[in-house]
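*Asks:* Take a look at the following structure, please.
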Amino acid sequence: MKKIQMVDLGGQYQKIKSEIGSSINEILESSAFINGPIVKEFQLNLENYLGVNHVIPCANGTDALQVAMMGLGLKPGDEVITADFTFASTVEVIALLGLTPVLIDVCPNLFTINVEEIEKAITARTKAIVPVHLFGHCANMEAIMNIAEKYKLFVIEDCAQSMGAEYLFSNGKKLKCGNIGHVSATSFFPSKNLGCYGDGGAIFTNDDELAYKMRGIVNHGMYKRYHHDVVGVNSRLDSIQAAVLNAKLPHLDNYNRARQIAANKYSERLKDISLLILPDVRYHNSDNSESYNCHVFHQYTIRLVGGDRDNLVKYLNSKDIPCGVYYPIPLHKQKAYSDERYDESNFKITNQISDEVFSLPMHTELSDDQIDYITDNIRNYFS
Ligand SMILES: *Cc1c(COP(=O)(O)O)cnc(C)c1O
């Protein structure tokens with residue numbers, strides 16, 4: 001059996017080596033390293049894939065979130081609501097821009113922002129909601145868009161972990177995540193569902209005016225060469241990364257399918273262990289009528305309830321099974337983001353699940369014997 005890795009980028013590369021090689025070689029031959037035609041080509045391909053009017057490539061997912069907030073014209077003092085249980089990027093850019101982060105609790109099984117808590121957190125200063133489609137599962141976008149409309153708020157989707165996931169509305173309409181909110185941000189960090197071989201990111205929107213604004217912001221606030229109309233940033237997707245992404249985009253649906261198949265196998269083999277809460281793949285409509293699997297499993301994350309998570313992780317590591325803990329500390333408890341405004345009783349779920357969660361190896365190259373080995377060891381631990 002091949003050595004198990006948390007993410008097997010090498011195995012994936014071996015299968016698309018020639019496509020990647022010729023795609024990168026074209027860049028080397030052309031010397032168009034920055035803003036070459038391939039960046040535009042990838043932009044158009046991704047617009048087409050997502051069904052979104054505008055894709056603005058940029059340097060990484062954190063910049064994408066920042067540029068989205070700058071493009072929306074958010075100003076110091078404006079409050080932005082986001083989930084307490086996620087990677088720090090979102091709250092980091094909110095703080096960098098002098099905005100006020102308002103962290104709220106998440107749903108215990110889906111790990112995405114708790115819609116009921118959003119409405120309670122809205123004040124006269126609230127300007128935006130940032131739902132994170134954590135671990136590859138879409139947040140409850142229908143409810144979030146309804147709240148946003150009612151209170152005239154912007155919705156910025158964080159799609160860094162959910163590229164390719166689809167969301168089903170109660171009227172039967174399906175949209176790719178990233179094509180639902182007013183503006184969306186994603187990351188092409190190598191281990192993401194659509195990853196390049198370095199840093200990369202992009203912003204999506206259907207709003208022509210906002211797209212125009214953000215294209216200038218990523219380019220030093222320039223709309224005409226050497227005319228700086230607004231304060232911008234320098235955030236570019238380089239041509240070599242665009243070449244990698246262009247070669248990988250046509251495989252994205254198959255990659256996500258491979259993740260779903262691996263996740264189903266994990267779930268099948270672990271479902272009778274009573275201390276484990278396995279990922280909930282259903283999405284319930286607001287009237288609870290229908291459920292839909294839109295999970296693209298950036299991570300396969302389990303909760304160990306009433307056990308010692310760190311001990312289990314240690315045991316699995318001793319069997320050469322890597323495990324991740326995403327995320328061990330809720331954002332409101334991080335030194336940089338703690339604030340006396342926060343009341344611990346509002347973070348019951350994030351406080352609990354940050355002690356319970358662990359993620360199994362998840363990538364496109366997991367084999368049946370690896371999944372058997374991993375799940376057999378987990379079963380042994382509990383037997
Ligand atoms: C990876 C990630 C980001 C940041 O992306 P970078 O490209 O690393 O800046 C933002 N949000 C979430 C949820 C992520 O997982």
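Just so we're on the same page: first chain in the structure tokens is A, next is B, and so on; residues restart at 1 for each chain, and ligands are numbered from 1 in the order they show up.
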Ligand 1: which residues are within 6 Å, counting only C-alpha atoms and all ligand atoms, as a ChimeraX atom specification?
*Replies:* /A:60-62,86-87,89,132,158,160-161,187-189,200-201
*Asks:* Determine, counting only C-alpha atoms, which protein, DNA and RNA residues have an atom within 12 Å of an atom of Tyr266 (chain A); residues of the same chain fewer than 4 positions away are not included. Present the result as JSON, numbers by chain.
*Replies:* {"A": [259, 260, 261, 262, 270, 271, 272, 273, 276, 278, 279, 297, 299, 300, 301, 302, 359, 360, 361, 362, 366, 367, 368, 369, 370, 371, 372, 373, 374, 375, 376, 378, 379]}
*Asks:* Name the residues of region 114-149 of chain A that come out as strand (DSSP E) in a backbone DSSP run; write them as number ranges by chain.
*Replies:* A: 126-130
*Asks:* Could the residues in this selection be saved with C-alpha atoms as a tab-separated table (two decimals), in the first residue's frame?
*Replies:*
```
chain	number	residue	atom	x	y	z
A	126	THR	CA	-23.84	45.83	9.84
A	127	LYS	CA	-22.85	46.01	6.18
A	128	ALA	CA	-21.97	42.47	5.09
A	129	ILE	CA	-22.17	38.76	5.84
A	130	VAL	CA	-19.32	36.43	4.89
```
*Asks:* Looking at only C-alpha atoms, which of A:Met69, A:Val296, A:Ile118, A:Val231 is the one that sits closest to Tyr167 (chain A)?
*Replies:*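 Residue with the minimum atom-to-atom distance to Tyr167 (chain A): A:Val296.
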*Asks:* Which residue out of A:Leu134, A:Ala139, A:Leu252, A:Val106 has the minimum interatomic distance to Asn346 (chain A) when only C-alpha atoms are used?
*Replies:* A:Val106
*Asks:* So that I can check the surroundings of Gly178 (chain A), please list as a short mmCIF file (atom, residue, chain, number, x, y, z; two decimals) with N, CA and C atoms, in the first residue's frame every protein, DNA and RNA residue that reaches within 8 Å of it, counting only C-alpha atoms and ignoring chain neighbours fewer than 6 positions away.
*Replies:*
```
data_model
loop_
_atom_site.label_atom_id
_atom_site.label_comp_id
_atom_site.auth_asym_id
_atom_site.auth_seq_id
_atom_site.Cartn_x
_atom_site.Cartn_y
_atom_site.Cartn_z
N LEU A 50 -18.39 28.46 -13.87
CA LEU A 50 -19.23 28.88 -12.73
C LEU A 50 -20.56 29.47 -13.18
N GLU A 157 -19.28 35.46 -0.45
CA GLU A 157 -19.06 34.03 -0.22
C GLU A 157 -17.57 33.72 -0.16
N ASP A 158 -17.17 32.95 0.83
CA ASP A 158 -15.79 32.44 0.87
C ASP A 158 -15.82 31.01 0.32
N CYS A 159 -15.37 30.88 -0.94
CA CYS A 159 -15.43 29.60 -1.64
C CYS A 159 -14.09 28.87 -1.67
N MET A 163 -14.80 24.89 -4.26
CA MET A 163 -14.88 25.08 -5.70
C MET A 163 -15.55 23.86 -6.35
N SER A 184 -17.79 36.93 -4.49
CA SER A 184 -17.24 35.73 -3.87
C SER A 184 -15.74 35.73 -4.02
N ALA A 185 -15.09 35.02 -3.09
CA ALA A 185 -13.63 34.95 -3.11
C ALA A 185 -13.22 33.49 -3.05
N PHE A 204 -15.23 36.62 -7.76
CA PHE A 204 -16.30 36.46 -8.75
C PHE A 204 -17.43 37.43 -8.44
#
```
*Asks:* In Å, how far is it from CA of His363 (chain A) to CA of Glu41 (chain A)?
*Replies:*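 These atoms are spaced 26.7 Å apart.
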*Asks:* Have a look at CA of Asn256 (chain A) and CA of Asp355 (chain A) and let me know their distance in Å, one decimal.
*Replies:*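 Going from CA of Asn256 (chain A) over to CA of Asp355 (chain A), I get 27.9 Å.
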*Asks:* Can you list, as a list in words, every protein, DNA or RNA residue that comes within 12 Å of Asp308 (chain A) when you count only C-alpha atoms, leaving out same-chain residues fewer than 3 positions away?
*Replies:*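 So, after excluding close chain neighbours, the residues are Leu275, Leu276, Arg303, Leu304, Val305, Asn311, Leu312, Val313, Lys314, Tyr315, Asp355, Glu356, Val357, Phe358, Tyr381 and Phe382 of chain A.
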*Asks:* I need the residue nearest Lys248 (chain A) from this list: A:Tyr342, A:Phe154, A:Tyr212, A:Tyr197. Use only C-alpha atoms for the distance.
*Replies:*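 Closest candidate: A:Tyr197.
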*Asks:* Ranking A:Ser162, A:Ile156, A:Asn380, A:Gly136 by minimum distance to Ile94 (chain A) and counting only C-alpha atoms, which one comes first?
*Replies:*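 Result for the nearest residue to Ile94 (chain A): A:Ile156.
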*Asks:* May I have all residues of region 219-382 of chain A that DSSP, computed from the backbone, assigns to alpha helix (DSSP H), given as a PyMOL selection string?
*Replies:* chain A and resi 239-248+252-270+309-318+348-356+368-382
*Asks:* Which one is closest to Glu166 (chain A): A:Cys294, A:Leu245, A:Val230, A:Ala258? Count only C-alpha atoms.
*Replies:*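 Of A:Cys294, A:Leu245, A:Val230, A:Ala258, the one nearest Glu166 (chain A), counting only C-alpha atoms, is A:Cys294.
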*Asks:* Which residue out of A:Leu72, A:Leu210, A:Val115, A:Leu249 has the minimum interatomic distance to Asn48 (chain A) when only C-alpha atoms are used?
*Replies:*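 Looking only at the distances to Asn48 (chain A), the closest residue turns out to be A:Leu249.
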*Asks:* Would you compute the distance between CA of His220 (chain A) and CA of Ala64 (chain A)? Give it in Å to one decimal.
*Replies:*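 Taking CA of His220 (chain A) and CA of Ala64 (chain A), their separation equals 14.2 Å.
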*Asks:* Excluding same-chain residues fewer than 3 positions from Ala242 (chain A), what lies within 7 Å of it counting only C-alpha atoms, as a ChimeraX atom specification?
*Replies:* /A:38-39,42,237-239,245-246
